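Shown below: run.tsv, with TSV, C-alpha atoms and all ligand atoms.
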chain	number	residue	atom	x	y	z
A	1120	MET	CA	90.19	88.53	98.62
A	1121	ARG	CA	93.48	87.57	96.99
A	1122	LEU	CA	96.67	89.25	98.18
A	1123	ILE	CA	99.36	90.28	95.71
A	1124	ALA	CA	102.53	91.24	97.57
A	1125	ALA	CA	105.77	92.76	96.34
A	1126	ASN	CA	108.97	91.83	98.14
A	1127	TRP	CA	111.60	94.29	96.95
A	1128	LYS	CA	114.36	92.61	98.98
A	1129	MET	CA	117.46	94.87	99.19
A	1130	HIS	CA	116.50	97.07	96.25
A	1131	LYS	CA	115.63	100.76	95.85
A	1132	THR	CA	116.80	103.90	97.58
A	1133	VAL	CA	114.35	106.49	98.91
A	1134	SER	CA	114.29	108.42	95.62
A	1135	GLU	CA	113.83	105.23	93.61
A	1136	THR	CA	110.99	104.27	95.95
A	1137	GLU	CA	109.25	107.62	95.36
A	1138	GLU	CA	109.57	107.24	91.61
A	1139	TYR	CA	108.24	103.66	91.68
A	1140	ILE	CA	105.25	104.38	93.89
A	1141	ARG	CA	104.15	107.44	91.94
A	1142	ALA	CA	104.30	105.38	88.72
A	1143	PHE	CA	102.63	102.32	90.28
A	1144	LEU	CA	99.71	104.28	91.72
A	1145	ARG	CA	98.93	105.58	88.24
A	1146	LEU	CA	98.61	101.94	87.10
A	1147	VAL	CA	96.36	100.63	89.86
A	1148	GLU	CA	93.31	102.79	89.75
A	1149	HIS	CA	90.76	100.20	90.87
A	1150	PRO	CA	92.44	97.90	93.35
A	1151	GLU	CA	89.19	97.11	95.24
A	1152	SER	CA	88.85	93.51	94.05
A	1153	ARG	CA	92.31	92.50	95.27
A	1154	GLU	CA	94.60	93.41	98.11
A	1155	ILE	CA	97.93	94.89	97.02
A	1156	LEU	CA	100.94	95.08	99.29
A	1157	ILE	CA	104.39	96.60	98.83
A	1158	CYS	CA	107.30	95.57	101.09
A	1159	PRO	CA	110.27	97.92	100.54
A	1160	PRO	CA	113.50	97.92	102.57
A	1161	PHE	CA	113.35	99.55	106.01
A	1162	THR	CA	114.87	102.85	104.84
A	1163	SER	CA	112.06	103.34	102.32
A	1164	LEU	CA	109.12	102.47	104.57
A	1165	TYR	CA	108.44	105.97	105.85
A	1166	VAL	CA	108.33	107.64	102.47
A	1167	ALA	CA	106.43	104.74	100.93
A	1168	GLY	CA	103.88	104.93	103.75
A	1169	LYS	CA	103.32	108.64	103.12
A	1170	LEU	CA	102.89	108.14	99.38
A	1171	LEU	CA	100.53	105.17	99.76
A	1172	GLU	CA	98.25	106.90	102.26
A	1173	GLY	CA	94.64	106.78	101.05
A	1174	SER	CA	95.53	104.76	97.92
A	1175	GLY	CA	94.24	101.39	99.13
A	1176	VAL	CA	97.67	99.86	98.43
A	1177	LYS	CA	99.14	98.53	101.67
A	1178	LEU	CA	102.60	98.71	103.16
A	1179	GLY	CA	104.60	95.87	104.71
A	1180	ALA	CA	108.09	95.14	106.01
A	1181	GLN	CA	110.37	92.30	105.01
A	1182	ASN	CA	111.39	91.37	108.54
A	1183	CYS	CA	111.01	92.41	112.18
A	1184	HIS	CA	112.48	91.77	115.61
A	1185	HIS	CA	110.27	90.10	118.18
A	1186	GLU	CA	111.16	92.41	121.08
A	1187	GLU	CA	109.45	95.77	121.41
A	1188	LYS	CA	112.70	97.66	122.09
A	1189	GLY	CA	116.14	97.18	123.62
A	1190	ALA	CA	119.81	96.55	122.92
A	1191	PHE	CA	119.44	94.78	119.56
A	1192	THR	CA	121.80	96.66	117.26
A	1193	GLY	CA	120.63	96.75	113.67
A	1194	GLU	CA	117.14	95.46	114.36
A	1195	VAL	CA	113.71	97.04	113.85
A	1196	SER	CA	110.70	96.41	116.10
A	1197	ILE	CA	107.04	95.94	115.27
A	1198	PRO	CA	105.89	99.21	116.95
A	1199	MET	CA	108.43	101.04	114.75
A	1200	LEU	CA	106.97	99.36	111.67
A	1201	LYS	CA	103.41	100.13	112.65
A	1202	GLU	CA	104.16	103.79	113.22
A	1203	VAL	CA	105.37	104.22	109.63
A	1204	GLY	CA	102.19	102.58	108.33
A	1205	CYS	CA	103.05	98.88	107.99
A	1206	GLU	CA	100.08	96.54	108.21
A	1207	TYR	CA	102.03	93.44	107.20
A	1208	VAL	CA	105.42	91.87	107.79
A	1209	ILE	CA	107.07	88.98	105.96
A	1210	VAL	CA	108.36	86.40	108.44
A	1211	GLY	CA	110.71	83.49	107.77
A	1212	HIS	CA	111.52	84.26	104.14
A	1213	SER	CA	113.88	81.58	102.80
A	1214	GLU	CA	116.65	84.18	102.46
A	1215	ARG	CA	116.27	84.97	106.18
A	1216	ARG	CA	116.29	81.27	107.00
A	1217	HIS	CA	119.27	80.35	104.85
A	1218	LEU	CA	121.45	83.48	104.65
A	1219	PHE	CA	120.75	84.82	108.14
A	1220	CYS	CA	120.31	81.52	110.00
A	1221	GLU	CA	116.75	82.14	111.20
A	1222	ASP	CA	115.38	78.94	112.67
A	1223	ASP	CA	111.84	77.77	113.35
A	1224	GLU	CA	112.02	78.81	117.00
A	1225	LEU	CA	112.95	82.40	116.14
A	1226	ILE	CA	110.28	82.49	113.44
A	1227	ASN	CA	107.74	81.33	116.03
A	1228	ARG	CA	108.79	84.13	118.39
A	1229	LYS	CA	108.38	86.67	115.61
A	1230	LEU	CA	104.90	85.36	114.76
A	1231	VAL	CA	103.83	85.48	118.40
A	1232	ALA	CA	105.05	89.10	118.61
A	1233	CYS	CA	103.22	90.03	115.38
A	1234	LEU	CA	99.95	88.65	116.70
A	1235	GLU	CA	100.39	90.35	120.06
A	1236	GLU	CA	101.27	93.69	118.44
A	1237	GLY	CA	98.53	93.51	115.83
A	1238	ILE	CA	100.47	93.39	112.56
A	1239	ARG	CA	99.60	90.70	110.02
A	1240	PRO	CA	102.45	88.29	109.30
A	1241	ILE	CA	103.04	86.46	106.03
A	1242	LEU	CA	104.78	83.28	107.06
A	1243	CYS	CA	107.03	81.87	104.32
A	1244	VAL	CA	107.58	78.14	104.02
A	1245	GLY	CA	109.18	76.03	101.32
A	1246	GLU	CA	111.30	73.00	100.62
A	1247	LYS	CA	114.81	72.92	99.16
A	1248	LEU	CA	115.55	71.06	95.95
A	1249	GLU	CA	117.13	68.15	97.82
A	1250	ASP	CA	114.00	67.83	99.98
A	1251	ARG	CA	111.81	67.66	96.91
A	1252	GLU	CA	114.08	65.12	95.22
A	1253	ALA	CA	114.00	62.98	98.38
A	1254	GLY	CA	110.18	63.05	98.37
A	1255	MET	CA	110.18	65.12	101.57
A	1256	THR	CA	108.22	68.18	100.39
A	1257	PHE	CA	105.10	67.63	102.51
A	1258	LYS	CA	107.10	66.56	105.57
A	1259	VAL	CA	109.30	69.69	105.40
A	1260	ILE	CA	106.31	71.99	104.96
A	1261	GLU	CA	104.42	70.31	107.79
A	1262	THR	CA	107.38	70.64	110.18
A	1263	GLN	CA	107.97	74.30	109.28
A	1264	ILE	CA	104.31	75.17	109.81
A	1265	LYS	CA	103.85	73.22	113.04
A	1266	LEU	CA	106.97	74.72	114.61
A	1267	ALA	CA	106.22	78.25	113.39
A	1268	LEU	CA	102.66	78.10	114.73
A	1269	SER	CA	103.48	76.33	117.97
A	1270	GLY	CA	101.23	77.76	120.71
A	1271	ILE	CA	99.40	80.11	118.32
A	1272	GLU	CA	97.44	77.52	116.31
A	1273	LYS	CA	94.17	79.19	117.32
A	1274	TYR	CA	95.10	82.40	115.52
A	1275	THR	CA	95.82	81.10	112.03
A	1276	ASP	CA	93.11	83.38	110.62
A	1277	SER	CA	95.29	86.36	111.59
A	1278	LEU	CA	98.11	85.45	109.22
A	1279	ASP	CA	98.81	84.44	105.63
A	1280	ILE	CA	101.19	81.75	104.45
A	1281	ALA	CA	103.38	82.00	101.36
A	1282	TYR	CA	104.43	78.68	99.87
A	1283	GLU	CA	107.77	79.39	98.19
A	1284	PRO	CA	109.72	76.37	96.99
A	1285	VAL	CA	113.32	77.45	97.61
A	1286	TRP	CA	114.47	76.07	94.25
A	1287	ALA	CA	112.03	78.41	92.47
A	1288	ILE	CA	112.97	81.68	94.21
A	1289	GLY	CA	114.92	84.08	92.03
A	1290	THR	CA	116.05	81.20	89.81
A	1291	GLY	CA	113.62	81.51	86.92
A	1292	VAL	CA	112.78	77.83	87.54
A	1293	LEU	CA	109.05	77.68	88.00
A	1294	ALA	CA	106.99	75.19	89.94
A	1295	THR	CA	104.01	74.15	87.82
A	1296	PRO	CA	100.60	75.39	88.97
A	1297	GLU	CA	99.81	71.72	89.75
A	1298	ASP	CA	102.91	71.48	92.04
A	1299	ALA	CA	101.76	74.59	93.86
A	1300	VAL	CA	98.12	73.51	94.08
A	1301	SER	CA	98.99	70.17	95.67
A	1302	VAL	CA	101.10	71.87	98.35
A	1303	HIS	CA	98.49	74.59	98.90
A	1304	ARG	CA	95.84	71.91	99.45
A	1305	PHE	CA	98.11	70.10	101.86
A	1306	ILE	CA	98.71	73.33	103.84
A	1307	LYS	CA	94.97	74.09	103.98
A	1308	GLU	CA	94.19	70.62	105.32
A	1309	LEU	CA	97.00	70.89	107.87
A	1310	LEU	CA	95.71	74.26	109.07
A	1311	LYS	CA	92.20	72.86	109.41
A	1312	LYS	CA	93.60	70.10	111.60
A	1313	LEU	CA	95.59	72.58	113.70
A	1314	ASN	CA	92.68	74.98	113.99
A	1315	PRO	CA	89.37	73.21	113.28
A	1316	GLU	CA	87.36	76.36	113.94
A	1317	ASN	CA	88.86	78.68	111.34
A	1318	GLY	CA	92.07	77.14	109.94
A	1319	GLY	CA	90.45	77.30	106.50
A	1320	LYS	CA	90.55	81.10	106.54
A	1321	THR	CA	94.34	81.47	106.18
A	1322	ARG	CA	95.25	82.64	102.67
A	1323	ILE	CA	97.88	80.55	100.93
A	1324	LEU	CA	100.02	82.57	98.51
A	1325	TYR	CA	102.47	81.21	95.96
A	1326	GLY	CA	105.95	82.66	95.45
A	1327	GLY	CA	108.86	81.73	93.20
A	1328	SER	CA	109.70	83.34	89.84
A	1329	VAL	CA	106.15	84.64	89.29
A	1330	LYS	CA	105.99	86.86	86.18
A	1331	PRO	CA	103.24	88.43	84.07
A	1332	THR	CA	103.66	85.55	81.59
A	1333	ASN	CA	102.92	82.79	84.10
A	1334	ALA	CA	100.77	84.51	86.75
A	1335	GLY	CA	97.46	83.90	84.95
A	1336	GLU	CA	98.02	80.12	84.84
A	1337	PHE	CA	98.44	80.00	88.62
A	1338	MET	CA	95.44	82.20	89.20
A	1339	LYS	CA	93.17	79.81	87.32
A	1340	HIS	CA	93.29	77.73	90.50
A	1341	SER	CA	91.21	78.88	93.46
A	1342	GLU	CA	93.80	77.32	95.80
A	1343	VAL	CA	96.25	80.07	94.81
A	1344	GLU	CA	95.00	82.90	96.99
A	1345	GLY	CA	97.70	85.37	96.05
A	1346	PHE	CA	101.36	85.85	95.18
A	1347	LEU	CA	104.53	86.94	96.90
A	1348	VAL	CA	106.60	88.41	94.08
A	1349	GLY	CA	110.32	89.22	94.25
A	1350	GLY	CA	112.23	90.10	91.07
A	1351	ALA	CA	109.16	90.85	88.95
A	1352	SER	CA	107.87	93.38	91.48
A	1353	LEU	CA	110.77	95.78	90.92
A	1354	GLU	CA	109.29	97.47	87.85
A	1355	PRO	CA	105.89	99.12	88.40
A	1356	GLU	CA	104.53	98.09	84.99
A	1357	THR	CA	105.53	94.45	85.45
A	1358	PHE	CA	104.12	94.25	88.97
A	1359	ALA	CA	100.88	95.92	87.86
A	1360	LYS	CA	100.49	93.26	85.14
A	1361	ILE	CA	100.77	90.56	87.81
A	1362	VAL	CA	98.26	92.40	89.99
A	1363	TYR	CA	95.80	92.34	87.08
A	1364	SER	CA	96.60	88.82	85.90
A	1365	PHE	CA	93.22	87.50	87.07
B	1	LIG	C1	110.53	86.14	96.93
B	1	LIG	O1	111.47	86.85	97.18
B	1	LIG	O2	109.71	85.88	97.82
B	1	LIG	C2	110.40	85.58	95.58
B	1	LIG	C3	109.42	84.76	95.33
B	1	LIG	O3	111.33	85.98	94.65
B	1	LIG	P1	111.23	85.79	93.04
B	1	LIG	O4	109.83	86.20	92.64
B	1	LIG	O5	112.28	86.68	92.49
B	1	LIG	O6	111.46	84.34	92.77

Is it possible to express this structure as structure tokens?
Ligand code: PEP
Amino acid sequence: MRLIAANWKMHKTVSETEEYIRAFLRLVEHPESREILICPPFTSLYVAGKLLEGSGVKLGAQNCHHEEKGAFTGEVSIPMLKEVGCEYVIVGHSERRHLFCEDDELINRKLVACLEEGIRPILCVGEKLEDREAGMTFKVIETQIKLALSGIEKYTDSLDIAYEPVWAIGTGVLATPEDAVSVHRFIKELLKKLNPENGGKTRILYGGSVKPTNAGEFMKHSEVEGFLVGGASLEPETFAKIVYSF
């Protein structure tokens, strides 16, 4: 089943979250044929979890710490996320990598912790514009995935991967569906090599300036097994249109 995920980033207070979710739930009456996920900021998770209970729409976090507890000021652990109802967590988003200096080793530790704690990670990978221009897209993606999955290659069916070309995130510049499909195919083949038994089961999502006007074109391709949506997920009506774009 395809996964359509909203990454709100650092947007929406608790009251704005309540308003959004009440409106969104009125728009998604039959979500059975697709999996829908909302990832609000930490402060909104509890209230969002309460409002989403029984709706079929799932809750996720945008980040986590890999330790269970301890002296890590400002961090939030996976058990804390699970207790407020999170079933998913985004790991290694390009903003975490580039603005908060998260490296592949830290991302690997977070993925290991997610698998141990039983929360489903969405691993984000993507090349920068200079990588693409230097013909390095596949090499960059391969390195990010191999390092992120180091030691946990056998468990690739317990996570999803979002391919998000960095130059297409929040910029309005869109990769073509063909660009995305070729990278999605490459990721699938790589996962099958890393995990011959069930590497093919990992869903590969696309992310980067997805909107209601372009979502349908991507979804014509079976290789696009879902979306991670930033800016266009902030209005319930717009996000619902993306959810029903296929
Ligand atoms: C994202 O934050 O993962 C993202 C894809 O953002 P946007 O849709 O705004 O490009």

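Of the residues listed (A:Lys1128, A:Arg1145, A:His1184, A:Lys1360), A:Lys1128 shows the shortest atom-to-atom separation from ligand LIG 1 (chain B); distances use all atoms listed in the file.
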
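From atom CA of Ile1271 of chain A back to atom CA of Arg1216 of chain A, the distance works out to 20.4 Å.
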
List all protein, DNA and RNA residues that have any atom at most 7 Å from ligand LIG 1 (chain B), counting only C-alpha atoms and all ligand atoms, and write the list as a tab-separated table (two decimals) with C-alpha atoms, in the frame of the given file.
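File written: out_35.tsv
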chain	number	residue	atom	x	y	z
A	1126	ASN	CA	108.97	91.83	98.14
A	1128	LYS	CA	114.36	92.61	98.98
A	1212	HIS	CA	111.52	84.26	104.14
A	1283	GLU	CA	107.77	79.39	98.19
A	1287	ALA	CA	112.03	78.41	92.47
A	1288	ILE	CA	112.97	81.68	94.21
A	1289	GLY	CA	114.92	84.08	92.03
A	1290	THR	CA	116.05	81.20	89.81
A	1291	GLY	CA	113.62	81.51	86.92
A	1326	GLY	CA	105.95	82.66	95.45
A	1327	GLY	CA	108.86	81.73	93.20
A	1328	SER	CA	109.70	83.34	89.84
A	1329	VAL	CA	106.15	84.64	89.29
A	1347	LEU	CA	104.53	86.94	96.90
A	1348	VAL	CA	106.60	88.41	94.08
A	1349	GLY	CA	110.32	89.22	94.25
A	1350	GLY	CA	112.23	90.10	91.07
A	1351	ALA	CA	109.16	90.85	88.95

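Across A:Leu1266, A:Val1244, A:Leu1313, A:Met1199, the tightest approach to Val1285 of chain A is made by A:Val1244 when counting all atoms listed in the file.
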
Using only C-alpha atoms, which of the listed residues (A:Lys1330, A:Arg1304, A:Lys1312, A:Lys1188) sits closest to Ala1125 of chain A?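 Result for the nearest residue to Ala1125 of chain A: A:Lys1330.
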
Step by step, gather every atom of segment 1257-1260 of chain A that the file lists, find the box along x, y and z that holds them, add 4 Å on each side, and finally give centre and edge lengths in Å to one decimal, as AutoDock Vina command-line options.
--center_x 107.2 --center_y 69.3 --center_z 104.0 --size_x 12.2 --size_y 13.4 --size_z 11.1

Have a look at atom CA of Ile1260 of chain A and atom CA of Ile1226 of chain A and let me know their distance in Å, one decimal.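 So the answer is 14.1 Å.
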
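Restricting the calculation to all atoms listed in the file, the smallest distance between Gly1319 of chain A and any of A:Thr1132, A:Ser1277, A:Ser1352, A:Ser1301 is found for A:Ser1277.
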
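Nearest to Arg1141 of chain A of all the residues A:Ser1174, A:Met1338, A:Asp1222, A:Cys1205 is A:Ser1174, based on all atoms listed in the file.
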